[in-house]
Amino acid sequence: MSNKPFENQSIKKERMFFLILVVCVVFAVFSGYLFSMQVTRWMEYQNRAWAVARRTSEVPALRGEIFDRNYDAPLASNVDSFAVSIVPAETDRQNLPQIISNLSAILGTDSDSLMKKIPSSDVFQSIELKDNVTYGQVVQIASNIEDFPGISWSSKPVRHYNHTPSLSHIIGYVGNINSEELHLLYNKGYDANSIIGKSGIEKEYDLLLKGNPGLKSITVDAKGRNVQEERYIRPPVPGKNIVLTIDRRIQELCEKALGERMGSVVVLKPATGEILAMVSYPSYDTNQFYTPDSANYYKALLENGNHPFLNRAIQSANAPASVFKTIMMTAILEENAFPPAKTIDCTGKLFLGNRIFNCHLKTGHGPLNLSDALKESCDVYFWEVGGNYLGPKKIEQYSRMMGLGEKTGIDLPGEVAGLVPNPDWKLNRINEMWVGGDTYNMSIGQGYTQVTTLQIADLIAMIVNEGTIYTPHILKEVRDVVTGEVVEKRTPRILHKADISSHTFHELKKAMRRVVSEGSIRRLFNNKVVEVAGKTGTGEVGYLDRWTSWFASFGPYQAEKPEDQVVVVVMVEASNEWEWWAPKASNAIYQGIFADQSYEEVVKTLDIWYLNNGTDVIRRRSE
Amino acid sequence: MNSRKSYLTFDFIIILAVLCLSVISVCFIYSSGLNSEGVNTSIEFIKQIIWVVTGFALMALIIYIDYKYLYDFAYYIYGVCILLLIITLLVGNKVNGARSWLGFPGIGIQPSEFTKLATIIALSAFCTKNRENIRSLAVFLRAALIPALPMALILAQPDLGTALVYIPIFLVILFMAGAKIRYLFFLVACGICVTLFTIIPMWSGYVLKQETLFVAVFSKQLLMLAVLGAGILVIILSAVGWFVFKKELYYWLCYSSVIFSSSLFLAMMAQKILKAYQIMRLVVFLDPSVDPQGAGWNILQSLTAIGSGGLVGKGFLQGTQSHYHYLPQQSNDFIFSIIAEETGFLGGIFVFLCFFIIIVRAFIIANSSKDSFGSYLCFGVIAMFFFHFMVNIGMAMGIMPITGIPLLFLSYGGSSLWTSMMAAGILINIYYRRYGFKI
């Protein structure tokens with residue numbers, strides 16, 4: 001071989017330089033690009049990797065239980081149940097209709113409605129197909145899991161209520177959050193899968209009860225299989241237990257005492273504002289909302305003309321009728337509007353211009369002083385004094401002072417404020433002048449005045465407390481689920497403090513005691529365990545044979561410790577046949593509370609003759 | 001020859017860089033074999049250790065043999081390799097759809113890898129022999145035949161990625177040997193045009209989702225033939241014009257027409273020959289979101305793996321994208337993704353640095369070689385190393401289309417590792433003999 005090929009040669013330097021330049025540029029660009037990927041845009045890729053490999057799922061928090069004041073057996077608790085879900089990306093699209101059809105056979109649902117919930121795109125998000133699935137159904141799915149690709153289940157406890165029907169209004173119920181609620185509560189830890197209280201305590205204290213759902217992460221491989229132990233990113237925090245001021249014994253007593261009559265009962269402790277019982281009839285069975293037939297049940301309730309969802313103790317307002325005369329008496333005494341000892345002669349009617357106002361006793365009560373007038377509930381007396389000596393302004397002032405026309409602030413949703421009218425209101429609202437007849441009507445609690453049962457209970461509480469109303473409340477305390485420790489205790493708060501002399505209340509209480517001990521209802525109040533003072537009321541609502549029946553009372557009349565006193569207000573709506581039921585029911589309630597008896601025992605003890613043959617009662621409007 | 005002097009001038013830097021890459025290779029092939037439970041499910045890393053050890057032995061052997069023998073036996077080596085390629089095509093084993101393996105499954109070789117080296121040697125020898133008239137078209141065309149033959153055989157396997165490596169090898173050696181720029185440019189322009197013309201129809205189908213006249217030229221058979229006919233007419237007319245008027249204008253008109261027409265012709269062929277998925281890979285490179293679950297999946301997963309590595313990485317064996325098998329071909333084509341995921345930017349840059357050192361050293365060796373053959377060999381090796389590096393890592397980072405060629409020294413595979421080791425051996429060999437090589 002010749003030396004020729006290996007002669008000194010000179011590489012073209014400019015060409016080599018060009019190559020080196022290309023190499024350097026490529027290395028520089030690659031290094032820069034690598035830097036931008038891994039350092040500058042690291043988070044972006046990190047999140048993408050996280051999103052691909054990690055799936056997080058929410059672990060529902062156990063909802064707090066609800067107890068009555070005895071804190072022994074829960075009124076609302078959780079029952080083990082399951083929810084069945086599907087991950088669309090993991091299922092078998094071709095056989096999906098068959099899979100869902102098999103699934104619906106096990107779950108006992110309509111397969112079309114399940115199909116509708118499955119999106120057409122292959123998302124990795126788990127979509128809940130059905131909740132309230134029993135353990136047995138889950139076992140059936142689990143044992144044939146290879147037939148159900150993409151189907152999974154998780155524990156989703158269902159609320160169970162174990163209480164007397166009348167507590168439904170107070171405790172309420174829970175349901176899946178709707179878009180409106182989510183919109184309002186988005187920032188408070190709710191999401192589209194949240195269970196939320198829909199009414200009552202469940203709604204009012206939802207933030208306490210619901211707890212905080214945990215977050216569980218599952219790492220999956222390319223085929224979506226779990227590759228790591230489930231790990232809690234955030235363990236679920238169970239909700240708090242709630243103890244109510246309600247005493248379920250008294251609640252049951254009141255419920256039975258009211259019976260199947262439309263109306264409401266409120267029992268509260270005036271010394272603290274604690275509600276011991278609150279009954280509204282008709283009621284509903286919340287457990288029915290968690291059955292397969294819930295939709296129909298719910299619909300039937302909505303269509304029911306008696307409005308079972310209405311909590312009549314706080315959500316409907318009626319004329320206070322003669323119960324209002326307690327406010328009148330307070331005003332008269334406090335304002336010295338008319339000498340209490342001076343009598344007015346009731347002839348049974350009163351003329352105002354060309355109108356005749358008839359007292360409920362057509363024959364007339366004869367001459368009455370203030371105390372007698374309250375005892376007899378004489379309309380003429382209060383017309384006279386209210387119309388000629390007090391005037392609408394003072395009546396309105398005292399009404400408001402004693403808590404009317406304003407929400408009580410009870411910790412239940414949907415309370416109404418009622419109404420205290422005045423001349424301006426009438427002019428603005430009805431476009432009519434206030435006339436003397438309006439003052440007359442207002443004086444005996446008729447006309448425009450509207451009050452809730454709870455407001456009347458508060459009114460009585462003010463009389464008992466001689467000027468103070470404590471905000472009525474249902475929540476007694478909040479307890480930790482695990483330790484049972486009291487986390488938060490509701491202390492009495494003052495709602496109203498009226499500047500009214502104790503002498504006035506003293507006189508009023510005396511008169512109210514006379515209503516029970518000497519008035520026409522004395523025969524009904526046959527219990528021996530407690531001295532009761534109160535005021536009846538009969539509201540005219542346009543029927544000739546039916547009147548709204550009120551009885552607002554407290555007992556014992558004289559107590560050494562104010563904590564021992566209770567206020568009982570019963571209101572029976574005019575839609576029931578008039579049988580003077582409010583005082584009768586109150587009598588039974590007092591007997592039950594103070595003799596610690598059940599309703600059945602009360603009936604036996606008091607030998608309440610009118611219970612079985614209510615028709616014996618003279619059907620007359622008598623107060 | 002002074003042996004003491006030779007020892008001092010032994011290129012340890014390249015050996016060190018190769019050693020680093022080999023260690024990284026074994027480590028991350030081990031890592032890629034782990035499944036999601038952290039259990040090793042693959043013995044690839046053990047095989048790789050064997051390849052590395054034998055590879056170093058081969059390198060030593062190559063260093064030992066004076067490279068002038070490569071010059072002497074260049075065409076024989078080339079001939080043997082071509083023969084192996086033909087045999088492979090006839091009786092080879094199919095792996096991943098390409099008939100590229102010779103031998104038994106698991107312990108076979110890929111002749112196409114070794115042929116790269118053989119082609120480098122043959123081309124270098126050819127250019128050395130024809131140094132005097134390297135600027136002539138005839139020599140250029142004859143030189144082009146050397147890589148064209150193995151390319152054709154490899155394309156027939158079919159293995160597009162490996163076949164492409166021969167183009168830069170040829171271009172770089174001829175460029176450095178002093179071939180006319182216009183001939184080289186002709187090839188580069190043709191390559192670019194063929195690629196464009198081939199993928200335009202599919203690209204418009206997936207990305208634009210509408211047909212325009214411009215696209216129709218490259219997809220409708222009849223229209224293509226008509227345009228091709230027009231192109232040939234322009235070539236003939238301009239050729240006549242050039243011979244008659246001797247005006248430069250006609251030369252360049254003819255030159256560009258030939259580029260266009262031949263590209264169009266080759267594109268027509270390519271559309272017939274290439275598999276849809278191969279064209280699709282190019283389309284996906286242009287826009288990975290076209291097919292995120294299919295061909296785009298690889299790119300997206302690789303990007304995610306690299307990007308999520310961050311500055312220092314997730315730690316050795318801690319990569320999630322790879323271990324949960326989101327990454328396909330992780331010990332092979334996507335080995336860089338797993339390295340970058342687990343060792344982060346620092347690890348990635350270290351790998352870059354190793355390759356950069358090897359290539360820079362190769363330039364220095366090429367420059368210091370006292371003979372053309374040694375220089376050309378160096379440039380061929382540079383072209384091979386650099387092309388593999390650029391295409392593979394560019395692919396992993398999403399700035400190059402997926403072509404499925406391995407990352408030399410790092411990817412799992414005996415044949416490519418041996419080829420790389422021998423190529424490195426050649427570099428060291430030339431450096432070792434830069435002063436004393438005289439016959």
# chains A, B, ... in the order shown; residues from 1 in each chain; ligands from 1
call {"tool": "interface_residues", "arguments": {"of": "chain B", "to": "chain A", "cutoff": "8 Å", "atoms": "only C-alpha atoms", "output": "count of residues only"}}
result
40
call {"tool": "residues_around", "arguments": {"residues": "region 40-44 of chain B", "least_positions_apart": "2", "cutoff": "9 Å", "atoms": "only C-alpha atoms", "output": "VMD selection string"}}
result
chain B and resid 26 29 to 35 37 to 38 46 to 49 331 412 to 413
call {"tool": "write_last_selection", "arguments": {"atoms": "N, CA and C atoms", "output": "short mmCIF file (atom, residue, chain, number, x, y, z; two decimals), in the first residue's frame"}}
result
data_model
loop_
_atom_site.label_atom_id
_atom_site.label_comp_id
_atom_site.auth_asym_id
_atom_site.auth_seq_id
_atom_site.Cartn_x
_atom_site.Cartn_y
_atom_site.Cartn_z
N VAL B 26 -26.32 0.82 33.37
CA VAL B 26 -26.69 -0.38 34.14
C VAL B 26 -27.65 0.01 35.26
N ILE B 29 -31.11 0.92 33.80
CA ILE B 29 -31.81 -0.23 33.22
C ILE B 29 -32.35 -1.08 34.36
N TYR B 30 -31.59 -1.13 35.46
CA TYR B 30 -32.10 -1.81 36.66
C TYR B 30 -33.36 -1.11 37.15
N SER B 31 -33.28 0.21 37.24
CA SER B 31 -34.42 0.99 37.72
C SER B 31 -35.64 0.79 36.82
N SER B 32 -35.40 0.75 35.53
CA SER B 32 -36.54 0.62 34.62
C SER B 32 -37.19 -0.75 34.73
N GLY B 33 -36.47 -1.70 35.29
CA GLY B 33 -37.03 -3.04 35.42
C GLY B 33 -37.91 -3.20 36.63
N LEU B 34 -37.90 -2.19 37.49
CA LEU B 34 -38.73 -2.29 38.69
C LEU B 34 -40.18 -2.07 38.32
N ASN B 35 -41.05 -2.81 38.95
CA ASN B 35 -42.47 -2.55 38.74
C ASN B 35 -42.96 -1.67 39.88
N GLU B 37 -44.41 -2.23 42.55
CA GLU B 37 -44.20 -2.66 43.94
C GLU B 37 -42.72 -2.56 44.31
N GLY B 38 -41.90 -2.11 43.38
CA GLY B 38 -40.48 -2.00 43.68
C GLY B 38 -39.76 -3.32 43.51
N ILE B 46 -28.64 -7.25 34.16
CA ILE B 46 -27.55 -8.24 34.22
C ILE B 46 -26.95 -8.44 32.84
N LYS B 47 -27.83 -8.55 31.86
CA LYS B 47 -27.34 -8.68 30.47
C LYS B 47 -26.52 -7.46 30.10
N GLN B 48 -27.01 -6.29 30.52
CA GLN B 48 -26.30 -5.06 30.17
C GLN B 48 -24.90 -5.05 30.78
N ILE B 49 -24.79 -5.59 32.01
CA ILE B 49 -23.46 -5.67 32.64
C ILE B 49 -22.55 -6.52 31.76
N SER B 331 -36.35 0.96 28.95
CA SER B 331 -34.94 0.65 29.05
C SER B 331 -34.24 0.93 27.72
N TYR B 412 -30.55 0.02 26.59
CA TYR B 412 -30.31 -1.41 26.72
C TYR B 412 -30.13 -2.02 25.33
N GLY B 413 -29.15 -2.89 25.19
CA GLY B 413 -28.97 -3.58 23.91
C GLY B 413 -27.50 -3.83 23.65
#
call {"tool": "closest_residue", "arguments": {"among": "A:Lys394, A:His163, A:Lys203, A:Arg514", "to": "Phe67 (chain A)", "atoms": "only C-alpha atoms"}}
result
A:His163
call {"tool": "atom_distance", "arguments": {"atom1": "CA of Ile14 (chain B)", "atom2": "CA of Ser416 (chain B)"}}
result
17.6 Å
call {"tool": "select_by_dssp", "arguments": {"residues": "region 6-105 of chain B", "states": "helix (DSSP H, G or I)", "output": "ChimeraX atom specification"}}
result
/B:6-8,12-32,44-64,68-91
call {"tool": "select_by_dssp", "arguments": {"residues": "region 213-358 of chain A", "states": "strand (DSSP E)", "output": "short mmCIF file (atom, residue, chain, number, x, y, z; two decimals) with N, CA and C atoms, in the first residue's frame"}}
result
data_model
loop_
_atom_site.label_atom_id
_atom_site.label_comp_id
_atom_site.auth_asym_id
_atom_site.auth_seq_id
_atom_site.Cartn_x
_atom_site.Cartn_y
_atom_site.Cartn_z
N GLY A 214 -62.17 13.44 54.73
CA GLY A 214 -60.74 13.23 54.56
C GLY A 214 -60.41 13.09 53.09
N LEU A 215 -59.14 13.09 52.82
CA LEU A 215 -58.71 12.91 51.44
C LEU A 215 -57.76 11.72 51.42
N LYS A 216 -58.07 10.81 50.53
CA LYS A 216 -57.30 9.58 50.48
C LYS A 216 -56.64 9.55 49.11
N SER A 217 -55.39 9.18 49.06
CA SER A 217 -54.77 9.12 47.75
C SER A 217 -54.47 7.68 47.40
N ILE A 218 -54.72 7.37 46.16
CA ILE A 218 -54.41 6.06 45.65
C ILE A 218 -53.48 6.29 44.47
N THR A 219 -52.38 5.58 44.44
CA THR A 219 -51.51 5.71 43.29
C THR A 219 -51.82 4.56 42.36
N ARG A 231 -53.47 5.92 51.09
CA ARG A 231 -52.80 6.76 52.08
C ARG A 231 -53.70 7.96 52.34
N TYR A 232 -53.83 8.29 53.60
CA TYR A 232 -54.62 9.47 53.93
C TYR A 232 -53.77 10.71 53.75
N ILE A 233 -54.20 11.58 52.89
CA ILE A 233 -53.55 12.88 52.79
C ILE A 233 -54.05 13.71 53.97
N ARG A 234 -55.27 13.45 54.31
CA ARG A 234 -55.93 14.22 55.35
C ARG A 234 -56.98 13.28 55.93
N ASN A 241 -71.04 15.71 68.08
CA ASN A 241 -72.36 15.32 68.57
C ASN A 241 -73.06 16.55 69.13
N ILE A 242 -74.35 16.57 68.91
CA ILE A 242 -75.12 17.72 69.39
C ILE A 242 -76.13 17.24 70.41
N VAL A 243 -76.16 17.93 71.54
CA VAL A 243 -77.13 17.61 72.57
C VAL A 243 -78.16 18.72 72.58
N LEU A 244 -79.41 18.33 72.48
CA LEU A 244 -80.48 19.32 72.41
C LEU A 244 -81.02 19.61 73.80
N GLY A 263 -101.80 22.10 65.07
CA GLY A 263 -101.42 23.11 66.02
C GLY A 263 -100.01 22.88 66.51
N SER A 264 -99.67 23.56 67.58
CA SER A 264 -98.31 23.45 68.07
C SER A 264 -98.25 23.62 69.57
N VAL A 265 -97.20 23.09 70.14
CA VAL A 265 -96.96 23.19 71.58
C VAL A 265 -95.51 23.61 71.76
N VAL A 266 -95.30 24.54 72.67
CA VAL A 266 -93.94 24.90 73.03
C VAL A 266 -93.81 24.83 74.54
N VAL A 267 -92.78 24.12 75.00
CA VAL A 267 -92.49 24.12 76.43
C VAL A 267 -91.08 24.65 76.57
N LEU A 268 -90.91 25.70 77.35
CA LEU A 268 -89.54 26.19 77.53
C LEU A 268 -89.27 26.58 78.97
N LYS A 269 -87.99 26.65 79.28
CA LYS A 269 -87.57 27.07 80.60
C LYS A 269 -87.33 28.57 80.55
N GLU A 274 -84.21 27.63 77.29
CA GLU A 274 -84.10 26.29 76.71
C GLU A 274 -85.49 25.77 76.32
N ILE A 275 -85.57 25.23 75.13
CA ILE A 275 -86.82 24.63 74.67
C ILE A 275 -86.84 23.18 75.14
N LEU A 276 -87.83 22.83 75.91
CA LEU A 276 -87.91 21.45 76.40
C LEU A 276 -88.71 20.59 75.44
N ALA A 277 -89.66 21.20 74.78
CA ALA A 277 -90.45 20.45 73.80
C ALA A 277 -91.02 21.43 72.79
N MET A 278 -91.10 20.98 71.59
CA MET A 278 -91.72 21.79 70.54
C MET A 278 -92.40 20.84 69.58
N VAL A 279 -93.72 20.91 69.56
CA VAL A 279 -94.48 19.97 68.74
C VAL A 279 -95.25 20.74 67.69
N SER A 280 -95.27 20.19 66.51
CA SER A 280 -96.10 20.76 65.47
C SER A 280 -96.81 19.60 64.78
N TYR A 281 -98.10 19.72 64.65
CA TYR A 281 -98.86 18.66 63.99
C TYR A 281 -99.55 19.25 62.77
N ILE A 344 -115.26 48.87 84.98
CA ILE A 344 -115.99 49.26 83.76
C ILE A 344 -117.16 48.29 83.66
N ASP A 345 -118.30 48.80 83.36
CA ASP A 345 -119.50 47.96 83.31
C ASP A 345 -119.65 47.35 81.93
N CYS A 346 -119.55 46.04 81.88
CA CYS A 346 -119.69 45.36 80.59
C CYS A 346 -121.15 44.99 80.39
N LYS A 349 -122.02 44.68 74.97
CA LYS A 349 -121.69 45.30 73.69
C LYS A 349 -121.15 46.70 73.86
N LEU A 350 -120.54 47.17 72.82
CA LEU A 350 -119.96 48.50 72.84
C LEU A 350 -120.19 49.14 71.47
N PHE A 351 -120.58 50.40 71.53
CA PHE A 351 -120.83 51.10 70.26
C PHE A 351 -119.63 51.95 69.89
N LEU A 352 -119.30 51.84 68.65
CA LEU A 352 -118.27 52.75 68.13
C LEU A 352 -118.82 53.31 66.83
N ARG A 355 -121.00 51.18 64.53
CA ARG A 355 -120.71 49.75 64.64
C ARG A 355 -120.95 49.28 66.07
N ILE A 356 -121.39 48.04 66.17
CA ILE A 356 -121.58 47.45 67.49
C ILE A 356 -120.51 46.39 67.68
N PHE A 357 -119.79 46.46 68.80
CA PHE A 357 -118.81 45.43 69.14
C PHE A 357 -119.38 44.58 70.25
N ASN A 358 -119.46 43.27 69.99
CA ASN A 358 -120.04 42.38 70.99
C ASN A 358 -118.96 41.68 71.79
#
call {"tool": "closest_residue", "arguments": {"among": "A:Leu207, A:Ile201, A:Ile430, A:Cys378", "to": "Leu185 (chain A)", "atoms": "only C-alpha atoms"}}
result
A:Leu207
call {"tool": "residues_around", "arguments": {"residues": "Met384 (chain B)", "least_positions_apart": "6", "cutoff": "9 Å", "atoms": "only C-alpha atoms", "output": "list in words"}}
result
Lys116, Leu117, Ile120, Val165, Tyr166, Pro168 and Ile169 of chain B
call {"tool": "residues_around", "arguments": {"residues": "Ala559 (chain A)", "least_positions_apart": "3", "cutoff": "12 Å", "atoms": "only C-alpha atoms", "output": "ChimeraX atom specification"}}
result
/A:271,464-465,530-533,554-556,562-566
call {"tool": "write_last_selection", "arguments": {"atoms": "C-alpha atoms", "output": "compact mmCIF listing (two decimals), in the first residue's frame"}}
result
# COMPACT_ATOMS: atom_id res chain seq x y z
CA ALA A 271 -84.87 31.02 83.27
CA VAL A 464 -92.18 34.93 84.68
CA ASN A 465 -88.73 36.55 84.59
CA VAL A 530 -98.57 22.20 90.24
CA GLU A 531 -100.19 25.60 90.47
CA VAL A 532 -100.50 27.05 87.02
CA ALA A 533 -101.07 30.64 85.92
CA PHE A 554 -96.48 28.93 83.32
CA GLY A 555 -96.05 26.83 86.38
CA PRO A 556 -95.44 26.49 89.17
CA PRO A 562 -86.86 30.12 88.89
CA GLU A 563 -85.16 27.20 87.06
CA ASP A 564 -88.01 24.97 88.16
CA GLN A 565 -90.56 26.98 86.30
CA VAL A 566 -91.68 26.09 82.81
call {"tool": "residues_around", "arguments": {"residues": "Val487 (chain A)", "least_positions_apart": "6", "cutoff": "10 Å", "atoms": "only C-alpha atoms", "output": "ChimeraX atom specification"}}
result
/A:240-242,477-481
call {"tool": "residues_around", "arguments": {"residues": "region 73-78 of chain A", "least_positions_apart": "5", "cutoff": "8 Å", "atoms": "only C-alpha atoms", "output": "compact mmCIF listing (two decimals) with N, CA and C atoms, in the first residue's frame"}}
result
# COMPACT_ATOMS: atom_id res chain seq x y z
N LEU A 62 -67.84 10.96 59.34
CA LEU A 62 -69.05 10.49 59.99
C LEU A 62 -69.78 11.69 60.57
N ARG A 63 -71.04 11.77 60.26
CA ARG A 63 -71.83 12.91 60.74
C ARG A 63 -72.09 12.75 62.23
N GLY A 64 -72.06 13.87 62.92
CA GLY A 64 -72.30 13.85 64.36
C GLY A 64 -73.71 13.36 64.66
N GLU A 65 -73.88 12.82 65.85
CA GLU A 65 -75.20 12.33 66.24
C GLU A 65 -75.92 13.41 67.04
N ILE A 66 -77.23 13.26 67.09
CA ILE A 66 -78.03 14.25 67.81
C ILE A 66 -78.72 13.56 68.98
N PHE A 67 -78.57 14.15 70.15
CA PHE A 67 -79.14 13.58 71.37
C PHE A 67 -80.13 14.56 71.97
N ASP A 68 -81.00 14.03 72.82
CA ASP A 68 -81.82 14.95 73.59
C ASP A 68 -81.06 15.31 74.86
N PRO A 157 -72.39 5.98 55.07
CA PRO A 157 -73.43 5.77 56.08
C PRO A 157 -74.67 6.59 55.77
N VAL A 158 -75.80 6.03 56.16
CA VAL A 158 -77.07 6.70 55.94
C VAL A 158 -77.60 7.16 57.29
N ARG A 159 -78.24 8.29 57.28
CA ARG A 159 -78.81 8.85 58.50
C ARG A 159 -80.00 8.01 58.93
N HIS A 160 -80.05 7.77 60.21
CA HIS A 160 -81.22 7.07 60.73
C HIS A 160 -81.77 7.86 61.90
N TYR A 161 -83.08 8.04 61.91
CA TYR A 161 -83.70 8.83 62.97
C TYR A 161 -84.51 7.89 63.86
N ASN A 162 -84.24 8.03 65.13
CA ASN A 162 -84.94 7.18 66.08
C ASN A 162 -85.61 8.08 67.08
N HIS A 163 -86.68 8.68 66.64
CA HIS A 163 -87.36 9.60 67.55
C HIS A 163 -88.84 9.63 67.25
N ILE A 171 -85.42 18.23 64.39
CA ILE A 171 -84.17 17.61 63.98
C ILE A 171 -83.94 17.76 62.48
